[in-house]
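Engineer: Structure provided below as C-alpha coordinates; questions to follow.
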Amino acid sequence: MDVLLPPSLLAFRGVGKRFPDGTVALAGVDLSVAPGEFVSILGPSGCGKSTLLRVAAGLIPASDGMVRVATGKLGYVFQDPTLLPWRTVQANVELFAELRRLPRDERRRRATEALALVGLDDFAGHRPLALSGGMRMRVSLARSLTLEPELFLFDEPFGALDEITRERLNDELLGLYLAKRFTALFVTHSVSEAVFLSSRVVVMSARPGRVLDSFPVPFAYPRPAGLRFAEPFARLAGEVSACLRLGGGSA
Amino acid sequence: MAATTRVAPSGRGRWLRFWGPPLAVLVAMLGLWYAVSYLLLDPDRRFLVPPPHEVVRVSFLDPYNLEELLDALWLSTRVAFIGLAVAIAIGTILAVAMSQARWVERSLYPYAVLTQTIPILAMVPVFGFWFGFGSFSRVLVVVLFCIFPVVANTVFGLQSVQREHHDLFTLHGAGRLTRLWKLQFPAALPSIFTGLRISAGLAVIGAIVGDFFFKQGDPGIGILIDRYQSRLQSEQMVAAIILSSLLGIVVFWLFGFLARRVVGSWHESAGPPGP
(Lines give C-alpha, C1' and ligand atoms only; values in the text may rest on other atoms or scores of the structure.)
Protein backbone atom coordinates (compact mmCIF):
# COMPACT_ATOMS: atom_id res chain seq x y z
CA MET A 1 0.00 0.00 0.00
CA ASP A 2 2.98 2.25 0.60
CA VAL A 3 3.75 1.88 -3.09
CA LEU A 4 0.89 4.22 -3.91
CA LEU A 5 2.11 6.97 -1.60
CA PRO A 6 4.77 9.46 -2.61
CA PRO A 7 8.13 8.66 -1.02
CA SER A 8 8.29 10.44 2.30
CA LEU A 9 11.21 11.35 4.50
CA LEU A 10 9.02 11.40 7.59
CA ALA A 11 5.66 9.72 8.05
CA PHE A 12 3.19 9.47 10.94
CA ARG A 13 0.45 6.85 10.63
CA GLY A 14 -2.29 7.01 13.24
CA VAL A 15 0.17 8.21 15.84
CA GLY A 16 -1.18 8.61 19.37
CA LYS A 17 0.59 9.57 22.56
CA ARG A 18 -0.72 9.01 26.05
CA PHE A 19 1.43 10.08 28.96
CA PRO A 20 1.64 8.05 32.19
CA ASP A 21 -0.41 10.73 33.99
CA GLY A 22 -3.31 10.00 31.62
CA THR A 23 -2.95 13.06 29.39
CA VAL A 24 -3.67 12.20 25.78
CA ALA A 25 -1.48 14.55 23.76
CA LEU A 26 -1.93 13.06 20.30
CA ALA A 27 -4.71 10.95 18.80
CA GLY A 28 -4.47 9.49 15.31
CA VAL A 29 -2.03 11.86 13.67
CA ASP A 30 -1.52 11.16 9.98
CA LEU A 31 1.11 13.24 8.27
CA SER A 32 3.86 12.64 5.80
CA VAL A 33 6.59 14.98 4.74
CA ALA A 34 8.22 14.50 1.34
CA PRO A 35 11.91 15.20 0.78
CA GLY A 36 12.51 18.92 0.24
CA GLU A 37 9.19 19.98 1.72
CA PHE A 38 8.94 22.75 4.30
CA VAL A 39 5.93 21.86 6.44
CA SER A 40 4.71 24.08 9.25
CA ILE A 41 2.45 22.90 12.04
CA LEU A 42 0.02 25.34 13.59
CA GLY A 43 -2.28 24.59 16.46
CA PRO A 44 -3.67 25.87 19.72
CA SER A 45 -1.38 25.90 22.77
CA GLY A 46 -1.00 22.47 24.32
CA CYS A 47 -2.24 20.59 21.24
CA GLY A 48 0.77 18.30 21.23
CA LYS A 49 2.86 19.98 18.53
CA SER A 50 6.05 19.66 20.53
CA THR A 51 5.16 16.11 21.51
CA LEU A 52 4.85 15.28 17.82
CA LEU A 53 8.39 16.51 17.21
CA ARG A 54 9.74 14.64 20.20
CA VAL A 55 8.12 11.46 18.90
CA ALA A 56 9.57 12.09 15.43
CA ALA A 57 13.05 12.51 16.89
CA GLY A 58 12.70 9.30 18.89
CA LEU A 59 13.09 11.13 22.20
CA ILE A 60 9.84 9.57 23.38
CA PRO A 61 8.00 6.56 21.96
CA ALA A 62 4.54 6.80 20.39
CA SER A 63 1.76 4.97 22.25
CA ASP A 64 -0.13 4.06 19.07
CA GLY A 65 0.50 4.01 15.35
CA MET A 66 3.84 4.16 13.66
CA VAL A 67 6.48 6.71 12.85
CA ARG A 68 8.91 6.28 10.01
CA VAL A 69 11.95 8.48 9.64
CA ALA A 70 13.88 7.71 6.46
CA THR A 71 17.06 9.47 7.46
CA GLY A 72 19.54 9.30 10.30
CA LYS A 73 20.59 12.89 9.80
CA LEU A 74 18.26 14.78 12.06
CA GLY A 75 18.50 18.37 13.19
CA TYR A 76 16.48 19.59 16.19
CA VAL A 77 16.11 23.25 17.11
CA PHE A 78 14.31 24.26 20.29
CA GLN A 79 12.65 27.54 21.22
CA ASP A 80 15.42 28.02 23.75
CA PRO A 81 18.75 28.22 21.91
CA THR A 82 20.05 25.62 24.45
CA LEU A 83 23.63 26.83 24.18
CA LEU A 84 26.07 25.75 26.87
CA PRO A 85 26.89 29.02 28.64
CA TRP A 86 30.38 27.92 29.71
CA ARG A 87 31.46 27.29 26.13
CA THR A 88 32.40 29.93 23.61
CA VAL A 89 30.27 30.31 20.49
CA GLN A 90 32.85 28.34 18.51
CA ALA A 91 32.92 25.49 21.06
CA ASN A 92 29.12 25.47 21.19
CA VAL A 93 28.87 25.08 17.44
CA GLU A 94 31.43 22.27 17.55
CA LEU A 95 29.45 20.37 20.20
CA PHE A 96 27.41 18.02 17.99
CA ALA A 97 30.39 17.08 15.84
CA GLU A 98 32.29 16.50 19.07
CA LEU A 99 29.56 14.21 20.45
CA ARG A 100 29.65 12.33 17.12
CA ARG A 101 33.42 11.96 17.60
CA LEU A 102 34.46 13.73 14.43
CA PRO A 103 38.16 14.59 14.28
CA ARG A 104 39.13 17.96 15.74
CA ASP A 105 40.16 19.58 12.46
CA GLU A 106 36.97 18.47 10.78
CA ARG A 107 34.67 19.81 13.49
CA ARG A 108 36.58 23.09 13.60
CA ARG A 109 36.23 23.45 9.85
CA ARG A 110 32.51 22.69 9.95
CA ALA A 111 31.87 25.08 12.82
CA THR A 112 33.72 27.91 11.13
CA GLU A 113 31.77 27.31 7.94
CA ALA A 114 28.42 27.19 9.75
CA LEU A 115 29.17 30.36 11.70
CA ALA A 116 30.00 32.16 8.48
CA LEU A 117 26.70 30.92 7.04
CA VAL A 118 24.71 32.59 9.84
CA GLY A 119 26.93 35.68 9.74
CA LEU A 120 28.52 35.25 13.16
CA ASP A 121 32.14 34.54 12.24
CA ASP A 122 33.24 37.59 14.24
CA PHE A 123 31.67 36.27 17.43
CA ALA A 124 33.35 32.86 17.58
CA GLY A 125 35.24 33.73 20.76
CA HIS A 126 32.27 35.23 22.64
CA ARG A 127 30.27 33.54 25.36
CA PRO A 128 26.51 33.10 24.73
CA LEU A 129 25.76 35.45 27.64
CA ALA A 130 27.25 38.31 25.61
CA LEU A 131 24.92 37.74 22.62
CA SER A 132 21.40 38.97 21.86
CA GLY A 133 18.49 36.54 21.64
CA GLY A 134 18.55 36.58 17.84
CA MET A 135 22.28 35.92 17.74
CA ARG A 136 21.95 33.02 20.15
CA MET A 137 19.31 31.49 17.91
CA ARG A 138 21.67 31.87 14.92
CA VAL A 139 24.36 30.04 16.89
CA SER A 140 21.83 27.31 17.64
CA LEU A 141 21.04 27.01 13.93
CA ALA A 142 24.73 26.95 13.04
CA ARG A 143 25.29 24.18 15.58
CA SER A 144 22.66 22.01 13.87
CA LEU A 145 23.99 22.83 10.42
CA THR A 146 27.40 21.32 11.25
CA LEU A 147 25.95 17.81 10.93
CA GLU A 148 24.25 18.65 7.61
CA PRO A 149 20.83 17.33 8.60
CA GLU A 150 18.46 16.08 5.94
CA LEU A 151 15.46 16.57 8.18
CA PHE A 152 15.17 19.60 10.42
CA LEU A 153 12.69 19.64 13.32
CA PHE A 154 11.98 23.15 14.58
CA ASP A 155 10.08 23.61 17.84
CA GLU A 156 8.97 27.27 17.78
CA PRO A 157 12.55 28.41 17.30
CA PHE A 158 11.72 32.09 16.96
CA GLY A 159 8.79 32.21 19.39
CA ALA A 160 10.67 34.17 22.03
CA LEU A 161 12.08 36.81 19.67
CA ASP A 162 10.72 40.25 18.84
CA GLU A 163 8.94 40.61 15.53
CA ILE A 164 11.69 42.40 13.64
CA THR A 165 14.29 39.82 14.65
CA ARG A 166 11.85 37.03 13.92
CA GLU A 167 11.18 38.24 10.38
CA ARG A 168 14.87 38.69 9.69
CA LEU A 169 15.57 35.18 10.93
CA ASN A 170 12.71 33.87 8.78
CA ASP A 171 14.40 35.39 5.74
CA GLU A 172 17.73 33.91 6.76
CA LEU A 173 16.21 30.51 7.42
CA LEU A 174 14.69 30.45 3.93
CA GLY A 175 18.11 31.38 2.56
CA LEU A 176 19.60 28.37 4.36
CA TYR A 177 16.73 26.16 3.21
CA LEU A 178 17.39 27.06 -0.42
CA ALA A 179 21.15 26.70 -0.04
CA LYS A 180 21.17 23.42 1.90
CA ARG A 181 18.00 21.80 0.57
CA PHE A 182 16.96 20.19 3.83
CA THR A 183 13.45 19.06 4.67
CA ALA A 184 11.74 20.91 7.50
CA LEU A 185 8.97 20.29 10.00
CA PHE A 186 8.41 23.62 11.71
CA VAL A 187 6.16 24.13 14.74
CA THR A 188 4.99 27.69 15.32
CA HIS A 189 2.28 29.83 16.86
CA SER A 190 2.44 32.45 14.14
CA VAL A 191 0.20 32.10 11.10
CA SER A 192 2.19 34.57 9.01
CA GLU A 193 5.47 32.90 9.90
CA ALA A 194 4.03 29.53 8.89
CA VAL A 195 2.69 30.80 5.57
CA PHE A 196 5.83 32.77 4.76
CA LEU A 197 8.22 29.87 5.34
CA SER A 198 6.34 26.80 4.25
CA SER A 199 5.47 24.90 1.16
CA ARG A 200 2.60 23.43 3.20
CA VAL A 201 0.85 24.50 6.39
CA VAL A 202 -0.77 21.85 8.58
CA VAL A 203 -3.35 22.86 11.20
CA MET A 204 -3.79 20.70 14.28
CA SER A 205 -6.80 20.47 16.58
CA ALA A 206 -6.90 21.21 20.29
CA ARG A 207 -5.79 18.38 22.58
CA PRO A 208 -5.73 15.52 21.84
CA GLY A 209 -3.99 16.79 18.73
CA ARG A 210 -4.69 15.45 15.26
CA VAL A 211 -4.38 16.94 11.79
CA LEU A 212 -7.38 19.13 10.95
CA ASP A 213 -6.43 20.46 7.57
CA SER A 214 -3.52 21.04 5.28
CA PHE A 215 -2.91 24.11 3.10
CA PRO A 216 -0.45 24.02 0.20
CA VAL A 217 1.34 27.35 -0.10
CA PRO A 218 1.65 28.26 -3.80
CA PHE A 219 4.29 31.02 -3.62
CA ALA A 220 7.56 30.24 -5.38
CA TYR A 221 10.91 30.28 -3.59
CA PRO A 222 12.97 32.41 -3.08
CA ARG A 223 10.36 34.51 -1.32
CA PRO A 224 10.94 38.25 -1.09
CA ALA A 225 10.39 39.90 2.29
CA GLY A 226 7.61 41.99 0.69
CA LEU A 227 5.53 38.86 0.10
CA ARG A 228 4.18 39.28 3.64
CA PHE A 229 2.21 42.32 2.46
CA ALA A 230 0.92 40.86 -0.82
CA GLU A 231 -2.80 40.30 -1.17
CA PRO A 232 -2.74 36.53 -1.93
CA PHE A 233 -0.53 36.04 1.13
CA ALA A 234 -3.08 37.80 3.33
CA ARG A 235 -5.91 35.76 1.86
CA LEU A 236 -4.18 32.44 2.53
CA ALA A 237 -3.19 33.55 6.04
CA GLY A 238 -6.85 34.44 6.61
CA GLU A 239 -8.02 30.98 5.55
CA VAL A 240 -5.48 29.30 7.81
CA SER A 241 -6.49 31.50 10.74
CA ALA A 242 -10.16 30.68 10.20
CA CYS A 243 -9.35 26.96 10.25
CA LEU A 244 -7.38 27.43 13.47
CA ARG A 245 -10.30 29.20 15.12
CA LEU A 246 -12.71 26.43 14.08
CA GLY A 247 -10.29 23.90 15.53
CA GLY A 248 -11.01 25.31 18.94
CA GLY A 249 -8.92 27.81 20.85
CA SER A 250 -6.61 30.50 19.58
CA ALA A 251 -3.02 29.89 18.53
CA MET B 1 25.53 64.42 22.28
CA ALA B 2 23.85 63.38 25.48
CA ALA B 3 22.17 66.04 27.57
CA THR B 4 23.68 64.77 30.79
CA THR B 5 27.05 63.22 31.36
CA ARG B 6 28.12 61.07 34.23
CA VAL B 7 31.67 61.23 35.39
CA ALA B 8 33.07 57.84 36.32
CA PRO B 9 34.44 57.93 39.85
CA SER B 10 38.20 58.25 40.05
CA GLY B 11 40.34 55.40 41.39
CA ARG B 12 40.37 56.75 44.93
CA GLY B 13 36.64 57.47 44.93
CA ARG B 14 35.90 53.94 43.91
CA TRP B 15 38.28 52.54 46.51
CA LEU B 16 36.58 54.57 49.20
CA ARG B 17 33.13 53.57 48.08
CA PHE B 18 34.10 49.89 48.13
CA TRP B 19 36.02 49.75 51.41
CA GLY B 20 34.48 52.75 53.17
CA PRO B 21 31.30 51.18 54.61
CA PRO B 22 32.92 48.05 56.11
CA LEU B 23 35.77 50.20 57.50
CA ALA B 24 33.25 52.53 59.11
CA VAL B 25 31.59 49.56 60.79
CA LEU B 26 34.98 48.35 62.00
CA VAL B 27 35.76 51.74 63.53
CA ALA B 28 32.33 51.80 65.19
CA MET B 29 32.88 48.34 66.65
CA LEU B 30 36.31 49.29 67.99
CA GLY B 31 34.73 52.38 69.55
CA LEU B 32 32.07 50.25 71.20
CA TRP B 33 34.74 47.86 72.42
CA TYR B 34 36.74 50.71 74.04
CA ALA B 35 33.55 52.08 75.55
CA VAL B 36 32.78 48.73 77.18
CA SER B 37 36.36 48.38 78.48
CA TYR B 38 36.76 51.85 79.87
CA LEU B 39 33.27 53.19 80.55
CA LEU B 40 31.27 50.13 81.52
CA LEU B 41 33.83 48.14 83.47
CA ASP B 42 35.67 49.12 86.63
CA PRO B 43 39.48 48.81 86.42
CA ASP B 44 39.46 45.64 88.50
CA ARG B 45 36.96 44.01 86.19
CA ARG B 46 38.52 45.30 82.99
CA PHE B 47 40.17 41.91 82.39
CA LEU B 48 36.74 40.63 81.26
CA VAL B 49 36.90 42.77 78.12
CA PRO B 50 40.48 43.96 77.66
CA PRO B 51 40.79 46.96 75.32
CA PRO B 52 42.01 46.33 71.74
CA HIS B 53 45.50 47.74 72.19
CA GLU B 54 46.09 45.47 75.19
CA VAL B 55 45.02 42.47 73.12
CA VAL B 56 47.51 43.47 70.43
CA ARG B 57 50.31 44.14 72.93
CA VAL B 58 49.98 40.93 74.91
CA SER B 59 49.09 38.51 72.13
CA PHE B 60 50.70 39.77 68.97
CA LEU B 61 53.71 41.85 70.10
CA ASP B 62 55.00 39.29 72.55
CA PRO B 63 56.97 36.80 70.39
CA TYR B 64 56.38 33.84 72.66
CA ASN B 65 52.63 34.32 72.85
CA LEU B 66 52.42 35.07 69.15
CA GLU B 67 54.27 31.87 68.26
CA GLU B 68 51.91 29.84 70.43
CA LEU B 69 48.91 31.36 68.66
CA LEU B 70 50.33 30.98 65.16
CA ASP B 71 51.34 27.35 65.73
CA ALA B 72 47.82 26.58 66.90
CA LEU B 73 46.32 28.51 64.00
CA TRP B 74 48.46 26.58 61.54
CA LEU B 75 47.41 23.26 63.08
CA SER B 76 43.71 24.18 62.90
CA THR B 77 44.07 25.47 59.35
CA ARG B 78 45.70 22.23 58.27
CA VAL B 79 42.99 20.13 59.90
CA ALA B 80 40.29 22.30 58.30
CA PHE B 81 41.79 22.07 54.81
CA ILE B 82 42.53 18.35 54.92
CA GLY B 83 39.01 17.71 56.21
CA LEU B 84 37.52 19.95 53.55
CA ALA B 85 39.51 18.22 50.80
CA VAL B 86 38.39 14.79 52.01
CA ALA B 87 34.77 16.01 52.25
CA ILE B 88 34.93 17.40 48.71
CA ALA B 89 36.36 14.15 47.35
CA ILE B 90 33.91 11.83 49.11
CA GLY B 91 30.98 14.24 48.74
CA THR B 92 31.48 14.64 45.00
CA ILE B 93 31.72 10.88 44.47
CA LEU B 94 28.53 10.36 46.49
CA ALA B 95 26.74 13.13 44.60
CA VAL B 96 27.72 11.75 41.21
CA ALA B 97 26.51 8.30 42.27
CA MET B 98 23.20 9.77 43.47
CA SER B 99 22.72 11.73 40.26
CA GLN B 100 23.08 8.60 38.16
CA ALA B 101 20.14 6.67 39.55
CA ARG B 102 17.10 7.54 41.62
CA TRP B 103 17.50 4.44 43.79
CA VAL B 104 21.05 5.38 44.76
CA GLU B 105 19.86 8.83 45.74
CA ARG B 106 16.99 7.37 47.77
CA SER B 107 19.35 4.96 49.51
CA LEU B 108 22.07 7.46 50.40
CA TYR B 109 20.47 10.87 50.84
CA PRO B 110 18.91 10.18 54.26
CA TYR B 111 22.37 9.33 55.60
CA ALA B 112 23.84 12.49 54.14
CA VAL B 113 21.16 14.39 56.05
CA LEU B 114 22.09 12.38 59.12
CA THR B 115 25.55 14.01 59.15
CA GLN B 116 23.68 17.27 59.75
CA THR B 117 21.38 15.99 62.45
CA ILE B 118 23.57 13.88 64.73
CA PRO B 119 25.27 16.08 67.30
CA ILE B 120 28.77 15.67 65.92
CA LEU B 121 30.34 17.39 68.90
CA ALA B 122 28.75 14.85 71.19
CA MET B 123 30.53 12.23 69.10
CA VAL B 124 33.92 13.78 69.77
CA PRO B 125 34.67 11.69 72.89
CA VAL B 126 33.55 8.59 70.98
CA PHE B 127 35.91 9.33 68.09
CA GLY B 128 38.70 9.97 70.57
CA PHE B 129 37.89 6.65 72.23
CA TRP B 130 37.94 4.79 68.91
CA PHE B 131 40.61 6.57 66.91
CA GLY B 132 42.70 8.45 69.45
CA PHE B 133 43.08 12.19 69.76
CA GLY B 134 45.43 12.71 66.81
CA SER B 135 44.78 14.27 63.44
CA PHE B 136 42.64 11.40 62.16
CA SER B 137 39.83 12.04 64.63
CA ARG B 138 40.04 15.78 64.10
CA VAL B 139 39.85 15.45 60.34
CA LEU B 140 36.95 13.05 60.74
CA VAL B 141 35.01 15.63 62.73
CA VAL B 142 35.67 18.26 60.06
CA VAL B 143 34.53 15.90 57.30
CA LEU B 144 31.27 15.14 59.09
CA PHE B 145 30.81 18.84 59.76
CA CYS B 146 31.14 20.02 56.21
CA ILE B 147 30.27 17.17 53.85
CA PHE B 148 26.54 17.78 53.59
CA PRO B 149 26.60 21.08 51.63
CA VAL B 150 29.04 19.49 49.16
CA VAL B 151 26.70 16.54 48.56
CA ALA B 152 23.46 18.53 48.52
CA ASN B 153 24.66 21.30 46.21
CA THR B 154 26.47 18.97 43.83
CA VAL B 155 23.43 16.69 43.51
CA PHE B 156 21.22 19.72 42.97
CA GLY B 157 23.60 21.13 40.36
CA LEU B 158 23.98 17.85 38.47
CA GLN B 159 20.20 17.51 38.31
CA SER B 160 19.57 21.13 37.35
CA VAL B 161 20.33 20.57 33.67
CA GLN B 162 17.47 21.61 31.36
CA ARG B 163 15.53 18.82 29.67
CA GLU B 164 16.34 20.24 26.23
CA HIS B 165 20.06 20.03 26.93
CA HIS B 166 19.65 16.38 27.86
CA ASP B 167 17.61 15.88 24.67
CA LEU B 168 20.43 17.28 22.55
CA PHE B 169 22.95 14.95 24.14
CA THR B 170 20.55 12.02 23.68
CA LEU B 171 19.96 12.89 20.02
CA HIS B 172 23.67 12.87 19.35
CA GLY B 173 24.33 9.58 21.05
CA ALA B 174 26.14 10.80 24.17
CA GLY B 175 26.79 8.16 26.83
CA ARG B 176 26.59 8.60 30.59
CA LEU B 177 30.19 9.65 31.02
CA THR B 178 30.15 12.17 28.19
CA ARG B 179 26.90 13.59 29.52
CA LEU B 180 28.30 13.84 33.02
CA TRP B 181 31.58 15.38 31.98
CA LYS B 182 30.48 17.71 29.19
CA LEU B 183 27.01 18.70 30.38
CA GLN B 184 26.07 17.96 33.98
CA PHE B 185 29.34 18.74 35.68
CA PRO B 186 29.96 22.15 34.09
CA ALA B 187 26.30 23.05 34.55
CA ALA B 188 26.63 22.15 38.23
CA LEU B 189 29.73 24.28 38.85
CA PRO B 190 27.91 27.40 40.08
CA SER B 191 25.96 25.47 42.70
CA ILE B 192 29.01 23.32 43.54
CA PHE B 193 30.84 26.53 44.41
CA THR B 194 27.93 27.73 46.50
CA GLY B 195 28.25 24.49 48.46
CA LEU B 196 32.03 24.84 48.72
CA ARG B 197 31.75 28.29 50.23
CA ILE B 198 29.40 27.04 52.91
CA SER B 199 31.47 23.91 53.50
CA ALA B 200 34.72 25.84 53.75
CA GLY B 201 33.25 28.00 56.51
CA LEU B 202 31.95 24.91 58.28
CA ALA B 203 35.34 23.21 57.96
CA VAL B 204 37.00 26.04 59.86
CA ILE B 205 34.33 25.93 62.54
CA GLY B 206 34.56 22.14 62.67
CA ALA B 207 38.35 22.25 63.10
CA ILE B 208 38.22 24.81 65.91
CA VAL B 209 35.17 23.60 67.77
CA GLY B 210 36.25 19.98 67.39
CA ASP B 211 39.62 20.91 68.82
CA PHE B 212 37.90 22.68 71.71
CA PHE B 213 36.06 19.52 72.60
CA PHE B 214 39.03 17.17 72.13
CA LYS B 215 40.99 19.04 74.81
CA GLN B 216 43.89 16.67 74.21
CA GLY B 217 46.73 16.25 71.74
CA ASP B 218 48.57 19.07 69.98
CA PRO B 219 46.79 22.34 70.70
CA GLY B 220 44.84 23.97 67.90
CA ILE B 221 43.02 27.25 68.28
CA GLY B 222 40.12 25.57 70.09
CA ILE B 223 42.29 24.09 72.81
CA LEU B 224 44.06 27.44 73.24
CA ILE B 225 40.75 29.25 73.70
CA ASP B 226 39.77 26.71 76.34
CA ARG B 227 43.15 27.03 78.09
CA TYR B 228 43.22 30.86 78.03
CA GLN B 229 39.69 30.99 79.35
CA SER B 230 40.49 28.76 82.31
CA ARG B 231 43.63 30.81 83.10
CA LEU B 232 41.83 34.15 82.71
CA GLN B 233 44.28 35.15 79.95
CA SER B 234 41.58 37.24 78.35
CA GLU B 235 43.84 39.20 75.96
CA GLN B 236 45.04 35.99 74.35
CA MET B 237 41.57 34.49 74.39
CA VAL B 238 40.22 37.44 72.43
CA ALA B 239 43.21 37.24 70.07
CA ALA B 240 42.53 33.55 69.42
CA ILE B 241 38.91 34.32 68.61
CA ILE B 242 39.94 37.11 66.25
CA LEU B 243 42.40 34.83 64.48
CA SER B 244 39.85 32.08 64.01
CA SER B 245 37.34 34.56 62.61
CA LEU B 246 39.99 35.89 60.24
CA LEU B 247 40.71 32.35 59.11
CA GLY B 248 37.01 31.86 58.37
CA ILE B 249 36.88 35.10 56.39
CA VAL B 250 40.00 34.27 54.39
CA VAL B 251 38.65 30.82 53.51
CA PHE B 252 35.25 32.25 52.52
CA TRP B 253 36.95 34.89 50.39
CA LEU B 254 39.26 32.31 48.83
CA PHE B 255 36.33 30.24 47.59
CA GLY B 256 34.52 33.32 46.35
CA PHE B 257 37.65 34.19 44.39
CA LEU B 258 37.90 30.66 42.98
CA ALA B 259 34.21 30.74 42.01
CA ARG B 260 34.69 33.98 40.12
CA ARG B 261 37.74 32.60 38.35
CA VAL B 262 36.00 29.40 37.29
CA VAL B 263 32.41 30.41 36.53
CA GLY B 264 32.50 34.21 36.64
CA SER B 265 32.83 34.58 32.89
CA TRP B 266 29.60 32.77 32.12
CA HIS B 267 27.45 32.79 35.26
CA GLU B 268 26.15 35.83 37.08
CA SER B 269 25.87 34.13 40.48
CA ALA B 270 29.61 34.32 41.08
CA GLY B 271 29.14 37.64 42.82
CA PRO B 272 30.47 41.14 42.29
CA PRO B 273 34.17 41.63 41.61
CA GLY B 274 36.41 43.60 43.96
CA PRO B 275 37.49 47.21 43.42
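Note on naming: chains are A, B, ... as they come in the C-alpha coordinates, residues start from 1 per chain, ligands start from 1 in the order shown.
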Specify as JSON, numbers by chain all residues of chain A found within 9 Å of chain B, counting only C-alpha atoms.
Structural biologist: {"A": [57, 58, 59, 74, 75, 76, 78, 80, 82, 83, 84, 85, 86, 87, 96, 97, 99, 100, 127, 128, 129, 130]}
Engineer: Can those selected residues be exported to a file as an mmCIF file, in the first residue's frame so that it contains N, CA and C atoms?
Structural biologist:
data_model
loop_
_atom_site.group_PDB
_atom_site.id
_atom_site.type_symbol
_atom_site.label_atom_id
_atom_site.label_comp_id
_atom_site.auth_asym_id
_atom_site.auth_seq_id
_atom_site.Cartn_x
_atom_site.Cartn_y
_atom_site.Cartn_z
ATOM 1 N N ALA A 57 11.607 12.585 16.648
ATOM 2 C CA ALA A 57 13.046 12.506 16.888
ATOM 3 C C ALA A 57 13.427 11.244 17.654
ATOM 4 N N GLY A 58 12.408 10.511 18.132
ATOM 5 C CA GLY A 58 12.704 9.304 18.889
ATOM 6 C C GLY A 58 13.062 9.586 20.337
ATOM 7 N N LEU A 59 12.798 10.813 20.797
ATOM 8 C CA LEU A 59 13.089 11.134 22.201
ATOM 9 C C LEU A 59 12.081 10.473 23.119
ATOM 10 N N LEU A 74 19.355 14.002 11.506
ATOM 11 C CA LEU A 74 18.257 14.778 12.056
ATOM 12 C C LEU A 74 18.803 16.037 12.735
ATOM 13 N N GLY A 75 18.167 17.150 12.450
ATOM 14 C CA GLY A 75 18.497 18.372 13.194
ATOM 15 C C GLY A 75 17.306 18.736 14.063
ATOM 16 N N TYR A 76 17.581 19.246 15.283
ATOM 17 C CA TYR A 76 16.480 19.587 16.186
ATOM 18 C C TYR A 76 16.790 20.954 16.780
ATOM 19 N N PHE A 78 15.328 23.948 19.290
ATOM 20 C CA PHE A 78 14.315 24.261 20.294
ATOM 21 C C PHE A 78 14.026 25.757 20.340
ATOM 22 N N ASP A 80 14.255 27.525 23.033
ATOM 23 C CA ASP A 80 15.422 28.021 23.746
ATOM 24 C C ASP A 80 16.644 27.643 22.911
ATOM 25 N N THR A 82 19.368 26.747 23.780
ATOM 26 C CA THR A 82 20.051 25.625 24.446
ATOM 27 C C THR A 82 21.560 25.613 24.214
ATOM 28 N N LEU A 83 22.170 26.788 24.264
ATOM 29 C CA LEU A 83 23.633 26.826 24.181
ATOM 30 C C LEU A 83 24.206 26.522 25.561
ATOM 31 N N LEU A 84 25.417 26.006 25.586
ATOM 32 C CA LEU A 84 26.067 25.754 26.869
ATOM 33 C C LEU A 84 26.805 27.033 27.268
ATOM 34 N N PRO A 85 26.372 27.685 28.344
ATOM 35 C CA PRO A 85 26.888 29.021 28.643
ATOM 36 C C PRO A 85 28.381 29.053 28.961
ATOM 37 N N TRP A 86 28.955 27.912 29.349
ATOM 38 C CA TRP A 86 30.380 27.920 29.708
ATOM 39 C C TRP A 86 31.268 27.764 28.474
ATOM 40 N N ARG A 87 30.658 27.435 27.346
ATOM 41 C CA ARG A 87 31.456 27.286 26.130
ATOM 42 C C ARG A 87 31.394 28.555 25.290
ATOM 43 N N PHE A 96 28.023 19.231 18.564
ATOM 44 C CA PHE A 96 27.414 18.020 17.992
ATOM 45 C C PHE A 96 28.453 17.160 17.289
ATOM 46 N N ALA A 97 29.327 17.823 16.530
ATOM 47 C CA ALA A 97 30.385 17.083 15.842
ATOM 48 C C ALA A 97 31.295 16.391 16.857
ATOM 49 N N LEU A 99 30.291 15.355 19.902
ATOM 50 C CA LEU A 99 29.563 14.208 20.447
ATOM 51 C C LEU A 99 29.565 13.046 19.449
ATOM 52 N N ARG A 100 29.602 13.377 18.157
ATOM 53 C CA ARG A 100 29.647 12.334 17.118
ATOM 54 C C ARG A 100 31.073 11.868 16.870
ATOM 55 N N ARG A 127 31.137 34.448 24.623
ATOM 56 C CA ARG A 127 30.273 33.537 25.361
ATOM 57 C C ARG A 127 28.820 33.866 25.020
ATOM 58 N N PRO A 128 27.918 32.863 25.064
ATOM 59 C CA PRO A 128 26.509 33.103 24.726
ATOM 60 C C PRO A 128 25.888 34.251 25.522
ATOM 61 N N LEU A 129 26.316 34.405 26.777
ATOM 62 C CA LEU A 129 25.764 35.450 27.640
ATOM 63 C C LEU A 129 25.929 36.833 27.027
ATOM 64 N N ALA A 130 26.957 36.995 26.176
ATOM 65 C CA ALA A 130 27.248 38.305 25.606
ATOM 66 C C ALA A 130 26.445 38.569 24.330
#
Engineer: Would you mind telling me which residue in A:Cys47, A:Met204, A:Leu174, A:Leu42 lies nearest to Ser190 in chain A when using only C-alpha atoms?
Structural biologist: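 Distance minimum relative to Ser190 in chain A lands on A:Leu42.
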Engineer: Please list as JSON, numbers by chain every residue within 12 Å of Ile249 in chain B, counting only C-alpha atoms and excluding residues in the same chain fewer than 6 positions away.
Structural biologist: {"B": [197, 198, 200, 201, 202, 204, 205, 242, 243, 255, 256]}
Engineer: DSSP on the backbone, strand (DSSP E) only: what residues of range 23-214 of chain A does that give? Format it as a ChimeraX atom specification.
Structural biologist: /A:24-33,38-42,64-69,74-77,151-155,183-187,200-204,211-214
